[in-house]
Amino acid sequence: GDDAPDFEIKNSDGKIVKLSERLANGPVVLCFFRGSWCPYCNMEMQVLTQSLPLFKKLKAQLITVSPQIIEKSKDLKEKFPGAYEILADADYAIAKSYKVYHEMPEELTALYRDKFKLDLEAYNGKGRTALPVAGTFVVSREGKIVAAFCDTDYKKRMEPHDILLALSKLPKLAK
C-alpha cells in the first residue's frame with residue numbers, strides 16, 4: 001500500500017526510463033538484482049524472462065535494477081533477451097529509495113575479490129561495492145506497491161507465481 005518511489009534513469013540502451021510514465025501503460029514488476037556475476041540473479045533473470053508472456057497478458061512490464069555499469073547490463077540483456085528494461089543504478093538512488101541498499105563490509109568485499117576472484121568494482125565501477133538486497137516490488141498503475149519480497153538471504157527470491165497472483169488482483173485495463 002506504500003507509494004512506490006518514482007525515478008528517472010537511463011536504461012541499458014541510454015534511453016530515459018521514468019517509473020511514473022511506465023505506470024501509465026500498466027503495472028510494473030520492479031526487480032533489484034546484485035549483478036550478472038551472481039548465479040542466483042542469473043536464475044532469476046532466466047525465470048523472469050520466461051515469465052514475460054504471462055506478465056504481458058496482465059499488461060505488466062518488467063523493470064530490473066542493478067548497480068552494474070551500463071556495459072555489464074548490456075551483456076545481461078544479450079544473455080536474457082526480452083521486452084524488459086535493465087537499469088544501471090549508478091548512484092544507488094533507486095536502491096536507497098526502495099530501502100534495499102546494502103553497503104558491503106570491506107572484509108566481505110575483500111573475500112569476494114581474493115577468494116572468489118570477483119571484483120565488484122569491475123562490474124559496478126571504481127569505489128562502488130555496495131549491492132542491493134535482492135527484491136521484487138509489484139507496483140500498480142496508481143503507483144502503489146501491492147506486493148513486495150526482499151530478503152537478505154540472496155538465494156531467496158519472489159516466485160513468478162506470487163508475482164502473477166499480485167498482478168491478477170489488480171483492476172483490469174481497458175483494451
# chains A, B, ... in the order shown; residues from 1 in each chain; ligands from 1
>>> select_by_dssp(residues="stretch 86-122 of chain A", states="strand (DSSP E)", output="JSON, numbers by chain")
{"A": [86, 87, 88, 101, 102]}
>>> select_by_dssp(residues="stretch 73-173 of chain A", states="helix (DSSP H, G or I)", output="tab-separated table (two decimals) with N, CA, C and O atoms, in the first residue's frame")
chain	number	residue	atom	x	y	z
A	73	SER	N	25.37	-4.38	-17.95
A	73	SER	CA	23.93	-4.55	-18.11
A	73	SER	C	23.60	-4.95	-19.54
A	73	SER	O	22.71	-5.77	-19.77
A	74	LYS	N	24.32	-4.40	-20.51
A	74	LYS	CA	24.10	-4.78	-21.90
A	74	LYS	C	24.41	-6.26	-22.10
A	74	LYS	O	23.71	-6.96	-22.83
A	75	ASP	N	25.47	-6.74	-21.45
A	75	ASP	CA	25.81	-8.16	-21.54
A	75	ASP	C	24.65	-9.02	-21.03
A	75	ASP	O	24.33	-10.06	-21.60
A	76	LEU	N	24.03	-8.59	-19.95
A	76	LEU	CA	22.92	-9.33	-19.37
A	76	LEU	C	21.73	-9.35	-20.31
A	76	LEU	O	21.06	-10.37	-20.47
A	77	LYS	N	21.48	-8.24	-20.97
A	77	LYS	CA	20.37	-8.15	-21.92
A	77	LYS	C	20.59	-9.10	-23.09
A	77	LYS	O	19.64	-9.70	-23.60
A	78	GLU	N	21.84	-9.27	-23.51
A	78	GLU	CA	22.14	-10.22	-24.58
A	78	GLU	C	21.94	-11.65	-24.11
A	78	GLU	O	21.49	-12.50	-24.86
A	79	LYS	N	22.27	-11.91	-22.87
A	79	LYS	CA	22.14	-13.25	-22.30
A	79	LYS	C	20.68	-13.65	-22.09
A	79	LYS	O	20.31	-14.80	-22.28
A	93	ALA	N	20.61	5.47	-6.11
A	93	ALA	CA	19.45	6.28	-5.72
A	93	ALA	C	18.16	5.45	-5.67
A	93	ALA	O	17.36	5.61	-4.75
A	94	ILE	N	17.97	4.58	-6.65
A	94	ILE	CA	16.75	3.78	-6.67
A	94	ILE	C	16.78	2.77	-5.52
A	94	ILE	O	15.80	2.62	-4.79
A	95	ALA	N	17.91	2.09	-5.35
A	95	ALA	CA	18.04	1.11	-4.26
A	95	ALA	C	17.79	1.79	-2.90
A	95	ALA	O	17.10	1.23	-2.05
A	96	LYS	N	18.34	2.97	-2.72
A	96	LYS	CA	18.13	3.68	-1.45
A	96	LYS	C	16.67	4.07	-1.27
A	96	LYS	O	16.13	3.95	-0.17
A	97	SER	N	16.02	4.53	-2.34
A	97	SER	CA	14.63	4.97	-2.20
A	97	SER	C	13.69	3.80	-1.90
A	97	SER	O	12.67	3.98	-1.24
A	106	GLU	N	34.02	-4.07	4.15
A	106	GLU	CA	35.28	-4.23	3.43
A	106	GLU	C	35.79	-5.67	3.50
A	106	GLU	O	36.33	-6.18	2.52
A	107	GLU	N	35.59	-6.34	4.64
A	107	GLU	CA	36.05	-7.73	4.77
A	107	GLU	C	35.35	-8.63	3.75
A	107	GLU	O	35.96	-9.54	3.18
A	108	LEU	N	34.07	-8.40	3.54
A	108	LEU	CA	33.31	-9.22	2.59
A	108	LEU	C	33.71	-8.89	1.14
A	108	LEU	O	33.86	-9.79	0.31
A	109	THR	N	33.92	-7.61	0.87
A	109	THR	CA	34.39	-7.21	-0.46
A	109	THR	C	35.74	-7.85	-0.75
A	109	THR	O	35.98	-8.35	-1.86
A	110	ALA	N	36.62	-7.87	0.24
A	110	ALA	CA	37.94	-8.49	0.09
A	110	ALA	C	37.81	-10.00	-0.12
A	110	ALA	O	38.52	-10.59	-0.95
A	111	LEU	N	36.89	-10.63	0.60
A	111	LEU	CA	36.65	-12.07	0.43
A	111	LEU	C	36.17	-12.37	-0.99
A	111	LEU	O	36.68	-13.30	-1.64
A	112	TYR	N	35.21	-11.59	-1.48
A	112	TYR	CA	34.72	-11.76	-2.86
A	112	TYR	C	35.90	-11.65	-3.84
A	112	TYR	O	36.03	-12.45	-4.74
A	113	ARG	N	36.73	-10.63	-3.62
A	113	ARG	CA	37.83	-10.34	-4.54
A	113	ARG	C	38.93	-11.40	-4.45
A	113	ARG	O	39.38	-11.93	-5.46
A	114	ASP	N	39.38	-11.71	-3.24
A	114	ASP	CA	40.55	-12.55	-3.05
A	114	ASP	C	40.25	-14.05	-3.14
A	114	ASP	O	41.00	-14.79	-3.76
A	120	LEU	N	34.03	-6.59	-7.51
A	120	LEU	CA	32.77	-5.85	-7.65
A	120	LEU	C	32.96	-4.53	-8.40
A	120	LEU	O	32.07	-4.11	-9.14
A	121	GLU	N	34.11	-3.90	-8.23
A	121	GLU	CA	34.37	-2.64	-8.92
A	121	GLU	C	34.45	-2.84	-10.44
A	121	GLU	O	34.13	-1.92	-11.19
A	122	ALA	N	34.84	-4.01	-10.89
A	122	ALA	CA	34.86	-4.29	-12.33
A	122	ALA	C	33.45	-4.31	-12.91
A	122	ALA	O	33.25	-4.02	-14.08
A	123	TYR	N	32.48	-4.64	-12.08
A	123	TYR	CA	31.08	-4.68	-12.50
A	123	TYR	C	30.35	-3.36	-12.22
A	123	TYR	O	29.52	-2.93	-13.01
A	124	ASN	N	30.66	-2.75	-11.07
A	124	ASN	CA	29.88	-1.60	-10.62
A	124	ASN	C	30.57	-0.26	-10.83
A	124	ASN	O	29.92	0.77	-10.74
A	160	PRO	N	7.64	-16.36	-9.48
A	160	PRO	CA	6.77	-15.82	-10.53
A	160	PRO	C	5.28	-16.03	-10.23
A	160	PRO	O	4.46	-15.16	-10.52
A	161	HIS	N	4.96	-17.16	-9.61
A	161	HIS	CA	3.56	-17.43	-9.26
A	161	HIS	C	3.02	-16.32	-8.35
A	161	HIS	O	1.89	-15.85	-8.52
A	162	ASP	N	3.82	-15.89	-7.39
A	162	ASP	CA	3.39	-14.84	-6.46
A	162	ASP	C	3.28	-13.48	-7.16
A	162	ASP	O	2.40	-12.68	-6.84
A	163	ILE	N	4.18	-13.24	-8.11
A	163	ILE	CA	4.10	-12.01	-8.91
A	163	ILE	C	2.81	-12.01	-9.71
A	163	ILE	O	2.05	-11.02	-9.72
A	164	LEU	N	2.53	-13.12	-10.38
A	164	LEU	CA	1.32	-13.23	-11.19
A	164	LEU	C	0.06	-13.13	-10.34
A	164	LEU	O	-0.92	-12.52	-10.76
A	165	LEU	N	0.09	-13.70	-9.16
A	165	LEU	CA	-1.06	-13.60	-8.26
A	165	LEU	C	-1.32	-12.15	-7.89
A	165	LEU	O	-2.47	-11.69	-7.93
A	166	ALA	N	-0.27	-11.41	-7.55
A	166	ALA	CA	-0.43	-9.98	-7.22
A	166	ALA	C	-0.96	-9.20	-8.41
A	166	ALA	O	-1.86	-8.36	-8.28
A	167	LEU	N	-0.42	-9.48	-9.60
A	167	LEU	CA	-0.88	-8.78	-10.80
A	167	LEU	C	-2.33	-9.11	-11.13
A	167	LEU	O	-3.09	-8.24	-11.55
A	168	SER	N	-2.72	-10.36	-10.91
A	168	SER	CA	-4.08	-10.77	-11.26
A	168	SER	C	-5.13	-10.12	-10.37
A	168	SER	O	-6.31	-10.04	-10.74
>>> closest_residue(among="A:Met104, A:Leu131, A:Val17, A:Val47", to="A:Gly35", atoms="only C-alpha atoms")
A:Leu131
>>> closest_residue(among="A:Ile69, A:Leu54, A:Leu48, A:Val146", to="A:Cys31", atoms="only C-alpha atoms")
A:Leu48
>>> atom_distance(atom1="atom CA of A:Asn11", atom2="atom CA of A:Ser36")
15.6 Å
